[in-house]
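Read the structure below first, then the notes.
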Amino acid sequence: MGPQENEEKLMKDLETVLYTEEQILARIRNMGEQLTAEYRGKFPLLVGVLKGAVMFMSDLVKRMTIPLEIDFIAISSYGTSTRSSGVVRILKDLDRDVDGRHVLIVEDIVDTGLTLAYLRDVLVRRNAASVRIAALFDKPGRRQVPIEPDYCGFTVPNAFIVGYGLDYAERYRNLPDVGILKENVYRGSDTPRT
Ligand code: XMP
Ligand code: MG
């Protein structure tokens with residue numbers, strides 16, 4: 001199967017395309033300009049949440065024209081596939097010390113907010129000078145704890161979305177566009193949440 005065919009096959013599993021790669025990159029360019037202004041002179045540490053935020057981190061930092069550092073953390077939340085318990089485990093910790101640093105969490109999507117609430121607390125307890133959140137997507141309709149991204153790319157409806165880093169069962173991360181996954185793709189299993 002050629003590259004063209006592979007992309008077409010992935011696209012066929014989408015109910016609708018919500019945002020094209022061009023639209024996503026245009027939005028990220030704006031966010032990068034805003035963050036450049038906000039973090040000038042602060043030498044921020046950008047913390048990407050693996051694996052969903054990899055594409056967003058990559059495109060965002062290229063639009064920030066100030067000195068900064070990047071690091072990654074991998075976390076997993078306990079619970080069933082449909083319900084998160086809010087108990088989070090760190091699978092891969094940061095390499096950098098956050099003590100005294102201006103930290104910007106870079107996340108793919110805020111859903112219930114449980115993961116981010118936990119991560120923010122961890123970073124605050126480690127003595128970060130400031131902790132803010134940049135999320136490419138926000139699904140406010142599913143929130144279980146009061147937490148809002150300080151910087152948000154797009155607000156999305158209560159549907160399971162994939163592409164541009166977001167996966168279903170580790171697939172579709174490489175889709176350049178973002179869309180709603182067809183229900184028949186996961187029919188029989190629970191509604192996916194990660
Ligand atoms: P919480 O609920 O703690 O979790 O805010 C956020 C994490 O859940 C995943 N998630 C999704 N992944 N499409 C995805 O591919 C979605 O629509 C979706 N909603 C939530 C994601 O890993 C995020 O970091
Ligand atoms: Mg994630």
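Each chain of the structure tokens is named A, B, ... in the order shown, its residues numbered from 1; ligands are numbered from 1 in display order.
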
Query - For Ala117 (chain A): contacts at 10 Å, only C-alpha atoms, fewer than 6 positions along chain excluded, given as number ranges by chain - result: A: 86, 88, 145-148

How close does each residue of chain A get to ligand 1, giving the shortest atom pair and distance in Å to one decimal for every residue with an atom at most 8 Å away, counting only C-alpha atoms and all ligand atoms, sorted by chain and residue number, as JSON lines?
```
{"residue": "A:Val49", "atom": "CA", "partner": "ligand 1", "partner_atom_place_in_ligand_line": "24 (O)", "distance": 7.3}
{"residue": "A:Lys51", "atom": "CA", "partner": "ligand 1", "partner_atom_place_in_ligand_line": "22 (O)", "distance": 7.9}
{"residue": "A:Gly52", "atom": "CA", "partner": "ligand 1", "partner_atom_place_in_ligand_line": "22 (O)", "distance": 6.1}
{"residue": "A:Ala53", "atom": "CA", "partner": "ligand 1", "partner_atom_place_in_ligand_line": "24 (O)", "distance": 7.9}
{"residue": "A:Ser77", "atom": "CA", "partner": "ligand 1", "partner_atom_place_in_ligand_line": "3 (O)", "distance": 7.4}
{"residue": "A:Ser84", "atom": "CA", "partner": "ligand 1", "partner_atom_place_in_ligand_line": "2 (O)", "distance": 6.6}
{"residue": "A:Gly86", "atom": "CA", "partner": "ligand 1", "partner_atom_place_in_ligand_line": "3 (O)", "distance": 7.1}
{"residue": "A:Glu107", "atom": "CA", "partner": "ligand 1", "partner_atom_place_in_ligand_line": "24 (O)", "distance": 6.3}
{"residue": "A:Asp108", "atom": "CA", "partner": "ligand 1", "partner_atom_place_in_ligand_line": "24 (O)", "distance": 5.7}
{"residue": "A:Ile109", "atom": "CA", "partner": "ligand 1", "partner_atom_place_in_ligand_line": "23 (C)", "distance": 5.0}
{"residue": "A:Val110", "atom": "CA", "partner": "ligand 1", "partner_atom_place_in_ligand_line": "5 (O)", "distance": 4.2}
{"residue": "A:Asp111", "atom": "CA", "partner": "ligand 1", "partner_atom_place_in_ligand_line": "5 (O)", "distance": 3.5}
{"residue": "A:Thr112", "atom": "CA", "partner": "ligand 1", "partner_atom_place_in_ligand_line": "2 (O)", "distance": 3.5}
{"residue": "A:Gly113", "atom": "CA", "partner": "ligand 1", "partner_atom_place_in_ligand_line": "5 (O)", "distance": 3.5}
{"residue": "A:Leu114", "atom": "CA", "partner": "ligand 1", "partner_atom_place_in_ligand_line": "3 (O)", "distance": 3.9}
{"residue": "A:Thr115", "atom": "CA", "partner": "ligand 1", "partner_atom_place_in_ligand_line": "3 (O)", "distance": 3.6}
{"residue": "A:Leu116", "atom": "CA", "partner": "ligand 1", "partner_atom_place_in_ligand_line": "3 (O)", "distance": 6.1}
{"residue": "A:Ala117", "atom": "CA", "partner": "ligand 1", "partner_atom_place_in_ligand_line": "3 (O)", "distance": 7.8}
{"residue": "A:Lys139", "atom": "CA", "partner": "ligand 1", "partner_atom_place_in_ligand_line": "19 (N)", "distance": 7.4}
{"residue": "A:Arg142", "atom": "CA", "partner": "ligand 1", "partner_atom_place_in_ligand_line": "2 (O)", "distance": 7.8}
{"residue": "A:Arg143", "atom": "CA", "partner": "ligand 1", "partner_atom_place_in_ligand_line": "5 (O)", "distance": 7.4}
{"residue": "A:Asn158", "atom": "CA", "partner": "ligand 1", "partner_atom_place_in_ligand_line": "17 (O)", "distance": 7.7}
{"residue": "A:Ala159", "atom": "CA", "partner": "ligand 1", "partner_atom_place_in_ligand_line": "17 (O)", "distance": 6.0}
{"residue": "A:Phe160", "atom": "CA", "partner": "ligand 1", "partner_atom_place_in_ligand_line": "17 (O)", "distance": 3.5}
{"residue": "A:Ile161", "atom": "CA", "partner": "ligand 1", "partner_atom_place_in_ligand_line": "17 (O)", "distance": 3.9}
{"residue": "A:Val162", "atom": "CA", "partner": "ligand 1", "partner_atom_place_in_ligand_line": "15 (O)", "distance": 4.8}
{"residue": "A:Gly163", "atom": "CA", "partner": "ligand 1", "partner_atom_place_in_ligand_line": "15 (O)", "distance": 7.4}
{"residue": "A:Gly165", "atom": "CA", "partner": "ligand 1", "partner_atom_place_in_ligand_line": "15 (O)", "distance": 7.6}
{"residue": "A:Leu166", "atom": "CA", "partner": "ligand 1", "partner_atom_place_in_ligand_line": "15 (O)", "distance": 3.9}
{"residue": "A:Asp167", "atom": "CA", "partner": "ligand 1", "partner_atom_place_in_ligand_line": "15 (O)", "distance": 4.0}
{"residue": "A:Tyr168", "atom": "CA", "partner": "ligand 1", "partner_atom_place_in_ligand_line": "15 (O)", "distance": 5.5}
{"residue": "A:Ile180", "atom": "CA", "partner": "ligand 1", "partner_atom_place_in_ligand_line": "17 (O)", "distance": 7.9}
{"residue": "A:Pro192", "atom": "CA", "partner": "ligand 1", "partner_atom_place_in_ligand_line": "13 (N)", "distance": 7.7}
{"residue": "A:Arg193", "atom": "CA", "partner": "ligand 1", "partner_atom_place_in_ligand_line": "10 (N)", "distance": 5.1}
{"residue": "A:Thr194", "atom": "CA", "partner": "ligand 1", "partner_atom_place_in_ligand_line": "9 (C)", "distance": 4.0}
```

Residues just named, written with N, CA and C atoms as a compact mmCIF listing (two decimals), in the first residue's frame:
```
# COMPACT_ATOMS: atom_id res chain seq x y z
N VAL A 49 3.00 16.39 27.13
CA VAL A 49 2.45 15.16 27.68
C VAL A 49 2.42 14.10 26.56
N LYS A 51 1.65 10.57 24.54
CA LYS A 51 2.32 10.84 23.28
C LYS A 51 1.53 11.86 22.45
N GLY A 52 0.30 12.12 22.89
CA GLY A 52 -0.62 12.91 22.07
C GLY A 52 -0.13 14.31 21.72
N ALA A 53 0.71 14.90 22.58
CA ALA A 53 1.09 16.31 22.37
C ALA A 53 2.34 16.48 21.51
N SER A 77 -3.66 7.26 33.40
CA SER A 77 -4.65 7.36 34.47
C SER A 77 -5.30 5.99 34.68
N SER A 84 -12.27 7.72 33.98
CA SER A 84 -10.99 7.92 34.62
C SER A 84 -11.21 8.08 36.12
N GLY A 86 -9.05 9.57 38.15
CA GLY A 86 -8.38 10.74 38.66
C GLY A 86 -7.07 10.41 39.33
N GLU A 107 -0.45 20.15 26.08
CA GLU A 107 -1.32 18.96 26.08
C GLU A 107 -2.16 18.92 24.82
N ASP A 108 -2.48 17.72 24.37
CA ASP A 108 -3.30 17.60 23.15
C ASP A 108 -4.74 18.04 23.38
N ILE A 109 -5.36 17.49 24.45
CA ILE A 109 -6.78 17.78 24.66
C ILE A 109 -7.12 17.72 26.15
N VAL A 110 -7.96 18.65 26.59
CA VAL A 110 -8.47 18.60 27.96
C VAL A 110 -9.89 18.05 27.89
N ASP A 111 -10.11 16.95 28.61
CA ASP A 111 -11.39 16.26 28.56
C ASP A 111 -12.05 16.40 29.95
N THR A 112 -11.90 15.40 30.81
CA THR A 112 -12.44 15.53 32.17
C THR A 112 -11.63 16.54 32.99
N GLY A 113 -10.36 16.72 32.62
CA GLY A 113 -9.48 17.63 33.34
C GLY A 113 -8.70 16.95 34.47
N LEU A 114 -8.99 15.69 34.71
CA LEU A 114 -8.37 14.98 35.84
C LEU A 114 -6.85 14.85 35.67
N THR A 115 -6.42 14.51 34.47
CA THR A 115 -4.99 14.33 34.22
C THR A 115 -4.24 15.64 34.45
N LEU A 116 -4.77 16.72 33.89
CA LEU A 116 -4.09 18.01 34.00
C LEU A 116 -4.10 18.55 35.42
N ALA A 117 -5.19 18.32 36.14
CA ALA A 117 -5.26 18.79 37.52
C ALA A 117 -4.15 18.11 38.34
N LYS A 139 -12.47 20.13 25.44
CA LYS A 139 -13.82 19.54 25.39
C LYS A 139 -14.51 19.91 26.70
N ARG A 142 -17.22 17.89 29.03
CA ARG A 142 -16.96 16.65 29.77
C ARG A 142 -16.22 16.88 31.09
N ARG A 143 -16.03 18.13 31.46
CA ARG A 143 -15.20 18.44 32.62
C ARG A 143 -15.73 17.87 33.92
N ASN A 158 -18.55 17.14 22.34
CA ASN A 158 -18.37 15.88 23.08
C ASN A 158 -18.37 14.68 22.15
N ALA A 159 -17.31 14.54 21.39
CA ALA A 159 -17.18 13.39 20.50
C ALA A 159 -15.74 12.93 20.57
N PHE A 160 -15.49 11.69 20.21
CA PHE A 160 -14.11 11.20 20.26
C PHE A 160 -13.40 11.59 18.97
N ILE A 161 -12.33 12.36 19.13
CA ILE A 161 -11.61 12.84 17.95
C ILE A 161 -10.22 12.21 17.84
N VAL A 162 -9.77 12.09 16.61
CA VAL A 162 -8.44 11.51 16.34
C VAL A 162 -7.71 12.34 15.30
N GLY A 163 -6.41 12.10 15.20
CA GLY A 163 -5.57 12.77 14.21
C GLY A 163 -4.66 13.79 14.86
N GLY A 165 -1.80 13.61 16.26
CA GLY A 165 -1.29 13.20 17.58
C GLY A 165 -2.30 12.43 18.41
N LEU A 166 -3.58 12.70 18.19
CA LEU A 166 -4.63 12.03 18.98
C LEU A 166 -4.92 10.65 18.39
N ASP A 167 -5.05 9.67 19.28
CA ASP A 167 -5.18 8.28 18.80
C ASP A 167 -6.46 7.60 19.24
N TYR A 168 -6.77 6.53 18.55
CA TYR A 168 -7.66 5.51 19.09
C TYR A 168 -6.86 4.21 19.04
N ILE A 180 -13.80 13.48 13.74
CA ILE A 180 -14.56 12.59 14.62
C ILE A 180 -14.49 11.18 14.07
N PRO A 192 -14.18 4.96 23.43
CA PRO A 192 -12.79 5.18 23.83
C PRO A 192 -12.59 6.48 24.58
N ARG A 193 -11.65 6.54 25.46
CA ARG A 193 -11.35 7.83 26.10
C ARG A 193 -9.87 8.18 26.02
N THR A 194 -9.02 7.25 25.72
CA THR A 194 -7.62 7.64 25.48
C THR A 194 -7.11 7.03 24.19
```

Query raised in the report: Which parts of region 3-180 of chain A does DSSP call strand (DSSP E or B) when run on the backbone here, written out as a ChimeraX atom specification?
Result: /A:14-19,45-50,69-79,84-92,102-110,130-138,151-155,161-163,166,168,171,178-180

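Excluding region 17-22 of chain A itself and same-chain residues fewer than 3 positions from it, the residues having an atom within 8 Å of it are Leu14, Leu25, Ala26, Tyr164, Pro176, Asp177, Val178, Gly179 and Ile180 of chain A, counting only C-alpha atoms.
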
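When CA of Arg132 (chain A) is paired with CA of Arg173 (chain A), their separation reads 24.8 Å.
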